[in-house]
$ cat run.txt   # compact mmCIF, C-alpha atoms
# COMPACT_ATOMS: atom_id res chain seq x y z
CA MET Q 1 -83.81 51.66 18.94
CA SER Q 2 -81.18 48.92 19.27
CA LEU Q 3 -79.15 49.63 16.16
CA LEU Q 4 -76.24 47.34 15.36
CA ILE Q 5 -73.68 48.15 12.67
CA ALA Q 6 -71.45 45.22 11.73
CA ALA Q 7 -69.55 43.74 8.83
CA LEU Q 8 -71.72 41.92 6.30
CA ARG Q 9 -71.62 38.15 6.73
CA ASP Q 10 -71.88 35.63 3.89
CA ASP Q 11 -75.20 34.39 5.25
CA GLN Q 12 -76.65 37.93 4.95
CA VAL Q 13 -75.86 38.48 1.26
CA GLU Q 14 -79.28 37.40 -0.04
CA ALA Q 15 -81.02 39.61 2.54
CA LEU Q 16 -78.86 42.55 1.48
CA SER Q 17 -79.73 41.91 -2.16
CA ALA Q 18 -83.45 41.88 -1.29
CA LEU Q 19 -83.09 45.08 0.78
CA ALA Q 20 -81.33 46.83 -2.11
CA ARG Q 21 -84.14 45.83 -4.48
CA HIS Q 22 -86.79 47.11 -2.06
CA ILE Q 23 -85.01 50.45 -1.56
CA TRP Q 24 -84.29 50.99 -5.25
CA LEU Q 25 -87.85 50.18 -6.33
CA GLN Q 26 -89.14 52.74 -3.84
CA HIS Q 27 -86.53 55.44 -4.39
CA TYR Q 28 -85.40 55.54 -8.02
CA PRO Q 29 -88.60 55.70 -10.10
CA GLY Q 30 -88.73 59.25 -11.43
CA ILE Q 31 -84.94 59.54 -11.19
CA ILE Q 32 -84.00 56.77 -13.63
CA SER Q 33 -86.14 54.52 -15.81
CA PRO Q 34 -87.60 51.21 -14.56
CA ALA Q 35 -85.45 49.42 -17.17
CA GLN Q 36 -82.29 51.06 -15.81
CA ILE Q 37 -83.30 50.25 -12.23
CA ASP Q 38 -83.64 46.56 -13.14
CA TYR Q 39 -80.39 46.61 -15.13
CA MET Q 40 -78.41 48.17 -12.28
CA LEU Q 41 -79.94 45.94 -9.61
CA ASN Q 42 -79.13 42.82 -11.63
CA GLN Q 43 -75.63 44.09 -12.37
CA ARG Q 44 -74.63 45.32 -8.92
CA TYR Q 45 -76.79 43.64 -6.33
CA ASN Q 46 -76.91 40.00 -7.31
CA ALA Q 47 -75.46 37.70 -4.66
CA ALA Q 48 -72.41 36.74 -6.74
CA ALA Q 49 -71.40 40.37 -7.33
CA ILE Q 50 -71.79 41.21 -3.65
CA ARG Q 51 -69.75 38.17 -2.60
CA GLN Q 52 -67.02 39.10 -5.09
CA HIS Q 53 -66.66 42.56 -3.50
CA LEU Q 54 -67.04 41.14 0.00
CA HIS Q 55 -63.67 39.41 -0.16
CA GLN Q 56 -61.59 42.05 -1.98
CA PRO Q 57 -58.74 43.63 0.02
CA GLY Q 58 -59.55 47.21 1.01
CA SER Q 59 -63.26 46.68 0.38
CA GLY Q 60 -65.84 46.78 3.12
CA TRP Q 61 -69.52 45.98 3.40
CA ASP Q 62 -71.24 47.00 6.61
CA VAL Q 63 -74.89 46.50 7.48
CA ALA Q 64 -77.23 48.22 9.87
CA GLN Q 65 -79.54 45.88 11.76
CA GLN Q 66 -82.58 46.48 13.91
CA ASP Q 67 -83.04 43.30 15.89
CA SER Q 68 -82.34 40.66 13.20
CA SER Q 69 -83.56 42.69 10.20
CA LEU Q 70 -81.23 44.49 7.84
CA ILE Q 71 -82.31 48.13 7.52
CA GLY Q 72 -79.34 49.65 5.70
CA PHE Q 73 -75.93 49.02 4.23
CA VAL Q 74 -72.78 50.62 2.97
CA HIS Q 75 -70.01 49.48 0.62
CA TYR Q 76 -66.66 51.23 0.31
CA CYS Q 77 -63.39 50.38 -1.43
CA LEU Q 78 -59.94 51.69 -2.18
CA ASP Q 79 -59.70 54.30 -4.92
CA THR Q 80 -56.94 54.52 -7.52
CA GLU Q 81 -55.81 57.74 -5.82
CA PRO Q 82 -53.85 56.80 -2.69
CA GLN Q 83 -55.48 59.46 -0.51
CA ARG Q 84 -59.08 58.53 -1.41
CA LEU Q 85 -61.58 55.96 -0.25
CA LYS Q 86 -64.55 55.42 -2.53
CA LEU Q 87 -67.98 55.32 -0.91
CA ASP Q 88 -69.67 53.08 -3.46
CA LYS Q 89 -73.09 52.41 -1.90
CA LEU Q 90 -75.01 53.74 1.09
CA TYR Q 91 -78.69 52.91 1.42
CA VAL Q 92 -81.20 52.95 4.26
CA HIS Q 93 -84.69 51.45 4.17
CA PRO Q 94 -87.20 54.31 3.75
CA ASP Q 95 -88.88 53.47 7.09
CA TRP Q 96 -85.55 54.03 8.86
CA GLN Q 97 -84.34 57.19 7.14
CA ARG Q 98 -83.78 60.33 9.25
CA ARG Q 99 -83.13 58.25 12.37
CA GLY Q 100 -79.32 58.33 12.38
CA VAL Q 101 -78.80 55.06 10.50
CA GLY Q 102 -77.13 56.73 7.51
CA ALA Q 103 -74.93 58.80 9.83
CA ALA Q 104 -73.86 55.64 11.68
CA LEU Q 105 -73.00 53.91 8.41
CA LEU Q 106 -71.10 56.97 7.21
CA ALA Q 107 -69.15 57.02 10.48
CA ARG Q 108 -68.03 53.44 9.71
CA VAL Q 109 -66.76 54.58 6.31
CA GLU Q 110 -64.88 57.49 7.86
CA ALA Q 111 -63.29 55.14 10.42
CA ALA Q 112 -62.25 52.78 7.62
CA ALA Q 113 -60.74 55.68 5.68
CA ARG Q 114 -58.70 56.73 8.70
CA ARG Q 115 -57.53 53.15 9.35
CA GLN Q 116 -56.40 52.93 5.73
CA GLN Q 117 -54.76 56.38 5.97
CA ARG Q 118 -57.11 57.91 3.40
CA SER Q 119 -57.90 61.60 3.85
CA VAL Q 120 -60.72 61.98 1.31
CA ILE Q 121 -63.96 60.09 0.85
CA GLN Q 122 -65.39 60.31 -2.65
CA LEU Q 123 -68.77 59.21 -3.96
CA ARG Q 124 -71.04 59.63 -6.94
CA THR Q 125 -74.76 60.25 -6.87
CA ASN Q 126 -77.31 60.87 -9.57
CA LYS Q 127 -77.76 64.57 -10.34
CA HIS Q 128 -81.51 64.22 -9.73
CA ASN Q 129 -81.20 62.33 -6.43
CA HIS Q 130 -82.05 65.41 -4.38
CA LEU Q 131 -82.57 63.56 -1.09
CA ALA Q 132 -79.12 61.97 -1.25
CA LEU Q 133 -77.48 65.22 -2.35
CA ALA Q 134 -79.00 67.08 0.60
CA ALA Q 135 -77.94 64.36 3.04
CA TYR Q 136 -74.36 64.25 1.79
CA ARG Q 137 -74.06 68.04 1.92
CA LYS Q 138 -75.33 67.92 5.51
CA TYR Q 139 -72.43 65.60 6.34
CA GLY Q 140 -69.78 67.81 4.78
CA PHE Q 141 -69.51 66.54 1.21
CA GLU Q 142 -68.89 69.08 -1.53
CA MET Q 143 -69.31 68.83 -5.28
CA ALA Q 144 -66.04 68.05 -7.06
CA ALA Q 145 -67.13 67.20 -10.62
CA GLU Q 146 -69.91 66.11 -12.95
CA VAL Q 147 -69.57 62.84 -14.86
CA VAL Q 148 -71.60 60.83 -17.34
CA THR Q 149 -70.62 57.16 -17.41
CA ASP Q 150 -71.76 54.55 -19.92
CA ILE Q 151 -72.68 51.47 -17.87
CA GLY Q 152 -73.72 49.27 -20.78
CA GLY Q 153 -77.14 48.08 -21.82
CA GLY Q 154 -77.81 51.46 -23.43
CA PHE Q 155 -77.73 53.21 -20.04
CA VAL Q 156 -75.62 55.98 -18.53
CA MET Q 157 -75.14 57.29 -15.03
CA ASP Q 158 -75.41 61.10 -14.95
CA ASP Q 159 -73.75 61.92 -11.63
CA TYR Q 160 -72.19 64.49 -9.40
CA VAL Q 161 -68.92 63.48 -7.79
CA LEU Q 162 -68.87 64.55 -4.15
CA GLU Q 163 -65.91 64.59 -1.79
CA LYS Q 164 -65.33 65.03 1.89
CA THR Q 165 -61.92 65.79 3.32
CA LEU Q 166 -61.41 64.24 6.74
CA ALA Q 167 -60.06 66.42 9.53
$ encode --input "run.txt" --output "structure tokens"
Amino acid sequence: MSLLIAALRDDQVEALSALARHIWLQHYPGIISPAQIDYMLNQRYNAAAIRQHLHQPGSGWDVAQQDSSLIGFVHYCLDTEPQRLKLDKLYVHPDWQRRGVGAALLARVEAAARRQQRSVIQLRTNKHNHLALAAYRKYGFEMAAEVVTDIGGGFVMDDYVLEKTLA
């Protein structure tokens, strides 16, 4: 496997948006409603939203590529707490899961946190997203809180907040 992890380029934004849609439509049915899946994809993964985050200071988008195809991605950004980096998104195409792609993307986030002198990585994941919860626990994340967030459109995110302290 010739895996390449690199910063997202402007010319890859539409491909990332399409990858997110593919992953979400495979993964989230049964966890959240189809209407909420569409709402969140349109809100968070349209090209304009991705490009807006792409150029924010302290924000990073990295992609995993196999040959020229995107197979995963991660987005992270500065948190309001000076010691924390927020892991906002980490997704791997189902055909590429359990092959080290997620670990490689997570390593990029940890490196970014260290460069930015952040000692804690924090993320949120749906309470019923058992695959993600198991993966994050495997990589040293621990539950820190439970939160319910109104995201508009009549939808909420019912999440666990997980944190990992970097050595």
$ closest_residue --input "run.txt" --among "Q:Ile37, Q:Ile50, Q:Gly154, Q:Ala134" --to "Q:Asp11" --atoms "all atoms listed in the file"
Q:Ile50
$ atom_distance --input "run.txt" --atom1 "atom CA of Q:Gln116" --atom2 "atom CA of Q:Lys89"
18.4 Å
$ closest_residue --input "run.txt" --among "Q:His55, Q:Asp88, Q:Ile23, Q:Val109" --to "Q:Ala6" --atoms "all atoms listed in the file"
Q:Val109
$ closest_residue --input "run.txt" --among "Q:Leu87, Q:Asn129, Q:Phe155, Q:Leu105" --to "Q:Phe141" --atoms "all atoms listed in the file"
Q:Leu87
$ residues_around --input "run.txt" --residues "Q:Arg108" --least-positions-apart "3" --cutoff "12 Å" --atoms "only C-alpha atoms" --output "list in words"
Leu4, Ile5, Ala6, Ala7, Gly60, Trp61, Asp62, Val63, Ala64, Phe73, Val74, His75, Tyr76, Leu87, Leu90, Val101, Gly102, Ala103, Ala104, Leu105, Ala111, Ala112, Ala113, Arg114, Arg115 and Ile121 of chain Q
$ residues_near_point --input "run.txt" --point "(-86.3, 48.0, -4.6)" --cutoff "12 Å" --atoms "all atoms listed in the file" --output "number ranges by chain"
Q: 16-29, 34, 37-38, 40-42, 45, 91-94
$ atom_distance --input "run.txt" --atom1 "atom CA of Q:Asn126" --atom2 "atom CA of Q:Ala144"
13.6 Å
$ axis_aligned_box --input "run.txt" --around "stretch 16-34 of chain Q" --padding-each-side "5 Å" --output "lines of an AutoDock Vina configuration file"
center_x = -84.0
center_y = 50.7
center_z = -7.2
size_x = 20.3
size_y = 27.7
size_z = 27.3
$ atom_distance --input "run.txt" --atom1 "atom CA of Q:Gly153" --atom2 "atom CA of Q:Ile32"
13.8 Å
$ closest_atom_pairs --input "run.txt" --of "stretch 24-138 of chain Q" --to "stretch 162-165 of chain Q" --cutoff "7 Å" --atoms "all atoms listed in the file" --output "JSON lines"
{"residue": "Q:Ser119", "atom": "CA", "partner": "Q:Thr165", "partner_atom": "CA", "distance": 5.8}
{"residue": "Q:Val120", "atom": "CA", "partner": "Q:Thr165", "partner_atom": "CA", "distance": 4.5}
{"residue": "Q:Ile121", "atom": "CA", "partner": "Q:Lys164", "partner_atom": "CA", "distance": 5.2}
{"residue": "Q:Gln122", "atom": "CA", "partner": "Q:Glu163", "partner_atom": "CA", "distance": 4.4}
{"residue": "Q:Leu123", "atom": "CA", "partner": "Q:Leu162", "partner_atom": "CA", "distance": 5.3}
{"residue": "Q:Arg124", "atom": "CA", "partner": "Q:Leu162", "partner_atom": "CA", "distance": 6.1}
$ closest_residue --input "run.txt" --among "Q:Gly72, Q:Gly152, Q:Gly58, Q:Gly30" --to "Q:Leu106" --atoms "all atoms listed in the file"
Q:Gly72
